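Enquirer: Quick one: the structure is below, and I'll ask about it shortly.
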Amino acid sequence: MSPSAKVDLHRRIEQVGELPTLPHVVQKLASMIGRTNVSAEEIGTLIEKDQVLSAKVLRLANSPFYGFPSRIASVAHAVVVLGLNVVKGLTLCATAFDMMKNAGMNELWRHSLGVAITAHILGTKAALKNPEEVFVAGLLHDIGKVVLYVKWPDVGRQITAATRKTSRSLIENEQELFEVTHADVGGWLATAWHLPTSLREPILYHHNPTAALDAPLQAAIVHVADVLVKGLACGNPGDDLVPPLSRQAWDLVGLDAQSLAQCLAKAEEEFQTIDDYL
């Protein structure tokens with residue numbers, strides 16, 4: 001890859017905040033995120049202006065993965081129950097799913113949802129204060145692939161071809177060809193969309209969780225979930241290789257053999273409902 005091509009890719013990344021595939025409501029939502037006085041009602045009213053998007057957010061909020069005893073009937077209610085950051089993330093997740101589905105990337109969505117489910121289970125087991133956030137981080141952890149393989153198909157084709165020809169993983173080929181990975185792009189998007197650190201770091205560092213400074217446990221959980229879901233062959237994020245597991249992340253999550261077996265059994269049970277969301 002020539003230096004000029006690498007510069008060109010970096011230039012594209014700088015401009016990716018202008019993704020035309022983001023609906024107006026998501027762009028407006030991103031602009032509201034920095035406001036400290038934004039209310040649940042304001043967020044709910046904004047999202048509900050897009051009926052299709054609103055329905056998808058409520059569908060995710062009412063999914064069995066969260067297990068709330070009573071139905072969440074409005075987006076504003078979802079904001080109160082799940083928290084503002086989670087609903088913002090679910091809105092982006094619904095948008096990302098549309099991008100993946102339109103590009104025929106259902107297996108990537110299945111993998112992402114599997115990671116979200118597993119991360120939520122691990123986060124609950126680890127007594128994380130807000131396990132709903134790692135669910136969202138799991139859903140969005142591969143969002144950078146949507147840009148690299150859907151928004152920029154020429155880039156995606158080069159990486160896919162290299163992955164088929166070599167024994168290297170997808171992320172290794174991304175780094176080799178462009179010095180930029182889907183995790184880098186995902187982190188940039190999280191920044192551009194004003195997502196909190198608790199979501200941005202697990203997206204950016206899901207292959208390198210020890211680099212997380214402000215959300216090390218969340219990054220560790222999404223990393224471990226990603227490796228486990230690859231091992232369980234739930235969906236396909238683009239290659240068949242199970243990424244190496246960070247020992248430090250594993251120790252931070254704190255699973256013993258019995259807890260791991262329980263988490264895996266629960267995850268595999270919940271995987272049975274994934275196709276209901278495709």
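Note on naming: chains are A, B, ... as they come in the structure tokens, residues start from 1 per chain, ligands start from 1 in the order shown.
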Per residue of range 72-155 of chain A within 8 Å of range 38-56 of chain A, which atom pair is closest and at what distance in Å (one decimal), using only C-alpha atoms, listed by chain and increasing number, as CSV?
Expert:
```
residue,atom,partner,partner_atom,distance
A:Ser74,CA,A:Gly44,CA,7.3
A:Val75,CA,A:Gly44,CA,4.7
A:Ala76,CA,A:Gly44,CA,4.3
A:His77,CA,A:Ala40,CA,7.6
A:Val79,CA,A:Ala40,CA,5.6
A:Val80,CA,A:Ala40,CA,6.5
A:Leu84,CA,A:Ala40,CA,7.2
A:Thr91,CA,A:Leu53,CA,7.1
A:Ala94,CA,A:Lys56,CA,6.1
A:Thr95,CA,A:Leu53,CA,7.5
```
Enquirer: Would you save the residues from that selection as a JSON list (two decimals), in the first residue's frame, using C-alpha atoms?
Expert:
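Written file, out.json:
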```
[["chain", "number", "residue", "atom", "x", "y", "z"],
["A", 74, "SER", "CA", -42.17, 4.70, 25.16],
["A", 75, "VAL", "CA", -38.68, 5.90, 24.30],
["A", 76, "ALA", "CA", -38.85, 8.39, 27.18],
["A", 77, "HIS", "CA", -39.62, 5.47, 29.53],
["A", 79, "VAL", "CA", -34.42, 6.60, 28.82],
["A", 80, "VAL", "CA", -35.57, 6.57, 32.46],
["A", 84, "LEU", "CA", -29.65, 8.19, 28.50],
["A", 91, "THR", "CA", -30.51, 4.37, 18.53],
["A", 94, "ALA", "CA", -30.70, 0.33, 15.20],
["A", 95, "THR", "CA", -29.12, 2.53, 12.54]]
```
Enquirer: Name the residues in contact with Thr210 in chain A at a cut-off of 9 Å, using only C-alpha atoms, excluding same-chain residues fewer than 3 positions from it; report them as JSON, numbers by chain.
Expert: {"A": [205, 213, 216, 219, 220, 246, 248, 249]}
Enquirer: Just want the 12 Å neighbourhood of Asn236 in chain A, counted on only C-alpha atoms, with same-chain residues fewer than 2 positions away dropped. Output as a PDB file with N, CA and C atoms, in the first residue's frame.
Expert:
```pdb
ATOM      1  N   MET A 105     -25.037  -7.983   5.522  1.00  0.00           N
ATOM      2  CA  MET A 105     -24.097  -8.371   6.579  1.00  0.00           C
ATOM      3  C   MET A 105     -24.833  -8.902   7.805  1.00  0.00           C
ATOM      4  N   ASN A 106     -25.821  -9.762   7.588  1.00  0.00           N
ATOM      5  CA  ASN A 106     -26.587 -10.306   8.710  1.00  0.00           C
ATOM      6  C   ASN A 106     -25.716 -11.096   9.688  1.00  0.00           C
ATOM      7  N   GLU A 107     -24.692 -11.766   9.154  1.00  0.00           N
ATOM      8  CA  GLU A 107     -23.832 -12.549  10.046  1.00  0.00           C
ATOM      9  C   GLU A 107     -23.018 -11.646  10.979  1.00  0.00           C
ATOM     10  N   LEU A 108     -22.679 -10.442  10.514  1.00  0.00           N
ATOM     11  CA  LEU A 108     -21.984  -9.484  11.381  1.00  0.00           C
ATOM     12  C   LEU A 108     -22.935  -9.000  12.477  1.00  0.00           C
ATOM     13  N   TRP A 109     -24.186  -8.742  12.119  1.00  0.00           N
ATOM     14  CA  TRP A 109     -25.171  -8.332  13.119  1.00  0.00           C
ATOM     15  C   TRP A 109     -25.388  -9.462  14.138  1.00  0.00           C
ATOM     16  N   ARG A 110     -25.460 -10.696  13.654  1.00  0.00           N
ATOM     17  CA  ARG A 110     -25.661 -11.834  14.554  1.00  0.00           C
ATOM     18  C   ARG A 110     -24.482 -11.936  15.538  1.00  0.00           C
ATOM     19  N   HIS A 111     -23.269 -11.765  15.018  1.00  0.00           N
ATOM     20  CA  HIS A 111     -22.087 -11.773  15.885  1.00  0.00           C
ATOM     21  C   HIS A 111     -22.158 -10.623  16.886  1.00  0.00           C
ATOM     22  N   SER A 112     -22.505  -9.430  16.419  1.00  0.00           N
ATOM     23  CA  SER A 112     -22.554  -8.259  17.292  1.00  0.00           C
ATOM     24  C   SER A 112     -23.589  -8.439  18.394  1.00  0.00           C
ATOM     25  N   LEU A 113     -24.740  -8.977  18.040  1.00  0.00           N
ATOM     26  CA  LEU A 113     -25.775  -9.208  19.043  1.00  0.00           C
ATOM     27  C   LEU A 113     -25.342 -10.294  20.024  1.00  0.00           C
ATOM     28  N   GLY A 114     -24.629 -11.306  19.526  1.00  0.00           N
ATOM     29  CA  GLY A 114     -24.090 -12.339  20.408  1.00  0.00           C
ATOM     30  C   GLY A 114     -23.104 -11.760  21.410  1.00  0.00           C
ATOM     31  N   VAL A 115     -22.243 -10.854  20.943  1.00  0.00           N
ATOM     32  CA  VAL A 115     -21.279 -10.202  21.846  1.00  0.00           C
ATOM     33  C   VAL A 115     -22.015  -9.340  22.866  1.00  0.00           C
ATOM     34  N   ASP A 142     -18.118  -3.574  16.528  1.00  0.00           N
ATOM     35  CA  ASP A 142     -17.611  -3.726  15.158  1.00  0.00           C
ATOM     36  C   ASP A 142     -18.194  -2.698  14.195  1.00  0.00           C
ATOM     37  N   LEU A 170      -8.456 -10.611  10.168  1.00  0.00           N
ATOM     38  CA  LEU A 170      -8.980  -9.419   9.503  1.00  0.00           C
ATOM     39  C   LEU A 170      -8.284  -8.161  10.013  1.00  0.00           C
ATOM     40  N   ASP A 226     -16.264 -10.953  22.996  1.00  0.00           N
ATOM     41  CA  ASP A 226     -15.952 -11.089  21.567  1.00  0.00           C
ATOM     42  C   ASP A 226     -15.230 -12.408  21.292  1.00  0.00           C
ATOM     43  N   VAL A 227     -14.248 -12.733  22.130  1.00  0.00           N
ATOM     44  CA  VAL A 227     -13.492 -13.979  21.959  1.00  0.00           C
ATOM     45  C   VAL A 227     -14.389 -15.191  22.183  1.00  0.00           C
ATOM     46  N   VAL A 229     -17.663 -15.424  21.883  1.00  0.00           N
ATOM     47  CA  VAL A 229     -18.683 -15.549  20.822  1.00  0.00           C
ATOM     48  C   VAL A 229     -18.055 -16.073  19.533  1.00  0.00           C
ATOM     49  N   LYS A 230     -16.824 -15.660  19.250  1.00  0.00           N
ATOM     50  CA  LYS A 230     -16.133 -16.240  18.089  1.00  0.00           C
ATOM     51  C   LYS A 230     -15.938 -17.733  18.295  1.00  0.00           C
ATOM     52  N   GLY A 231     -15.565 -18.118  19.514  1.00  0.00           N
ATOM     53  CA  GLY A 231     -15.360 -19.529  19.822  1.00  0.00           C
ATOM     54  C   GLY A 231     -16.640 -20.339  19.729  1.00  0.00           C
ATOM     55  N   LEU A 232     -17.765 -19.703  20.046  1.00  0.00           N
ATOM     56  CA  LEU A 232     -19.063 -20.381  19.987  1.00  0.00           C
ATOM     57  C   LEU A 232     -19.667 -20.351  18.582  1.00  0.00           C
ATOM     58  N   ALA A 233     -18.988 -19.662  17.656  1.00  0.00           N
ATOM     59  CA  ALA A 233     -19.414 -19.587  16.249  1.00  0.00           C
ATOM     60  C   ALA A 233     -20.823 -19.007  16.104  1.00  0.00           C
ATOM     61  N   CYS A 234     -21.090 -17.956  16.878  1.00  0.00           N
ATOM     62  CA  CYS A 234     -22.361 -17.235  16.734  1.00  0.00           C
ATOM     63  C   CYS A 234     -22.145 -16.093  15.751  1.00  0.00           C
ATOM     64  N   GLY A 238     -16.349 -11.720   9.852  1.00  0.00           N
ATOM     65  CA  GLY A 238     -15.516 -11.474   8.680  1.00  0.00           C
ATOM     66  C   GLY A 238     -14.377 -12.440   8.491  1.00  0.00           C
ATOM     67  N   ASP A 239     -14.000 -13.153   9.547  1.00  0.00           N
ATOM     68  CA  ASP A 239     -13.003 -14.213   9.409  1.00  0.00           C
ATOM     69  C   ASP A 239     -13.329 -15.312  10.415  1.00  0.00           C
ATOM     70  N   ASP A 240     -12.672 -16.444  10.256  1.00  0.00           N
ATOM     71  CA  ASP A 240     -12.981 -17.603  11.099  1.00  0.00           C
ATOM     72  C   ASP A 240     -12.003 -17.788  12.256  1.00  0.00           C
ATOM     73  N   LEU A 241     -11.063 -16.871  12.402  1.00  0.00           N
ATOM     74  CA  LEU A 241     -10.047 -17.013  13.430  1.00  0.00           C
ATOM     75  C   LEU A 241     -10.554 -16.490  14.774  1.00  0.00           C
ATOM     76  N   VAL A 242     -10.336 -17.251  15.830  1.00  0.00           N
ATOM     77  CA  VAL A 242     -10.669 -16.787  17.173  1.00  0.00           C
ATOM     78  C   VAL A 242      -9.526 -15.905  17.653  1.00  0.00           C
TER      79      VAL A 242
END
```
Enquirer: Do you know which residues are at most 9 Å from Gly83 in chain A counting only C-alpha atoms, after dropping those on the same chain fewer than 2 positions away, and could you put them as JSON, numbers by chain?
Expert: {"A": [40, 78, 79, 80, 81, 85, 86, 87, 88, 130, 132, 133]}
Enquirer: Please save C-alpha atoms of the selected residues as a PDB file, in the first residue's frame.
Expert:
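selection-v9.pdb, written as the output of this step:
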```
ATOM      1  CA  ALA A  40     -35.776  12.004  28.904  1.00  0.00           C
ATOM      2  CA  ALA A  78     -36.654   3.597  28.047  1.00  0.00           C
ATOM      3  CA  VAL A  79     -34.424   6.597  28.823  1.00  0.00           C
ATOM      4  CA  VAL A  80     -35.570   6.573  32.460  1.00  0.00           C
ATOM      5  CA  VAL A  81     -35.189   2.788  32.874  1.00  0.00           C
ATOM      6  CA  ASN A  85     -26.355   6.760  27.217  1.00  0.00           C
ATOM      7  CA  VAL A  86     -27.875   3.319  26.636  1.00  0.00           C
ATOM      8  CA  VAL A  87     -30.797   4.708  24.625  1.00  0.00           C
ATOM      9  CA  LYS A  88     -28.436   6.860  22.565  1.00  0.00           C
ATOM     10  CA  ASN A 130     -24.627  -0.488  34.480  1.00  0.00           C
ATOM     11  CA  GLU A 132     -26.798  -2.274  29.930  1.00  0.00           C
ATOM     12  CA  GLU A 133     -23.912  -0.102  28.704  1.00  0.00           C
TER      13      GLU A 133
END
```
Enquirer: For the helix (DSSP H, G or I) assignment from backbone DSSP, which residues of range 18-262 of chain A qualify? Please present them as JSON, numbers by chain.
Expert: {"A": [18, 24, 25, 26, 27, 28, 29, 30, 31, 32, 40, 41, 42, 43, 44, 45, 46, 47, 48, 51, 52, 53, 54, 55, 56, 57, 58, 59, 60, 61, 75, 76, 77, 78, 79, 80, 81, 82, 84, 85, 86, 87, 88, 89, 90, 91, 92, 93, 94, 95, 96, 97, 98, 99, 100, 101, 102, 106, 107, 108, 109, 110, 111, 112, 113, 114, 115, 116, 117, 118, 119, 120, 121, 122, 123, 124, 125, 131, 132, 133, 134, 135, 136, 137, 138, 139, 140, 143, 144, 145, 146, 147, 148, 149, 150, 151, 153, 154, 155, 156, 157, 158, 159, 160, 161, 162, 163, 164, 165, 170, 171, 172, 173, 174, 175, 176, 177, 178, 182, 183, 184, 185, 186, 187, 188, 189, 190, 191, 192, 197, 198, 199, 200, 201, 202, 203, 204, 209, 210, 211, 216, 217, 218, 219, 220, 221, 222, 223, 224, 225, 226, 227, 228, 229, 230, 231, 247, 248, 249, 250, 251, 252, 253, 257, 258, 259, 260, 261, 262]}
Enquirer: Between A:Glu270, A:Trp193, A:Leu58, A:His206, which one has atoms that come closest to Met32 in chain A, using only C-alpha atoms?
Expert: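 Nearest to Met32 in chain A: A:Trp193.
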Enquirer: Compare A:Ile171, A:Val147, A:Leu92, A:Cys263 by their minimum atom-to-atom distance to Leu199 in chain A, counting only C-alpha atoms, and give me the closest one.
Expert: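 Comparing A:Ile171, A:Val147, A:Leu92, A:Cys263 against Leu199 in chain A, the winner is A:Leu92.
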Enquirer: Pick out the closest residue to Asp251 in chain A from this set: A:Pro131, A:Gly104, A:Pro209, A:Gly144. Count only C-alpha atoms.
Expert: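 Of all the options, A:Pro209 lies closest to Asp251 in chain A.
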Enquirer: Neighbours of Gln218 in chain A within 7 Å (only C-alpha atoms; same-chain residues fewer than 2 positions away dropped), as a list of chain:residue names?
Expert: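 These residues fall inside the cut-off: A:Val134, A:Ser198, A:Pro202, A:Ala215, A:Pro216, A:Ala220, A:Ile221, A:Val222.
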Enquirer: With distances taken over only C-alpha atoms, which of A:Val136, A:Met100, A:Gln175, A:Leu122 is nearest to Leu82 in chain A?
Expert: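 Of A:Val136, A:Met100, A:Gln175, A:Leu122, the one nearest Leu82 in chain A is A:Val136, counting only C-alpha atoms.
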Enquirer: For Ala261 in chain A, which residue out of A:Ile121, A:Ser169, A:Leu189, A:Lys129 is the nearest one, using only C-alpha atoms?
Expert: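 Once distances to Ala261 in chain A are computed over only C-alpha atoms, the minimum belongs to A:Ile121.
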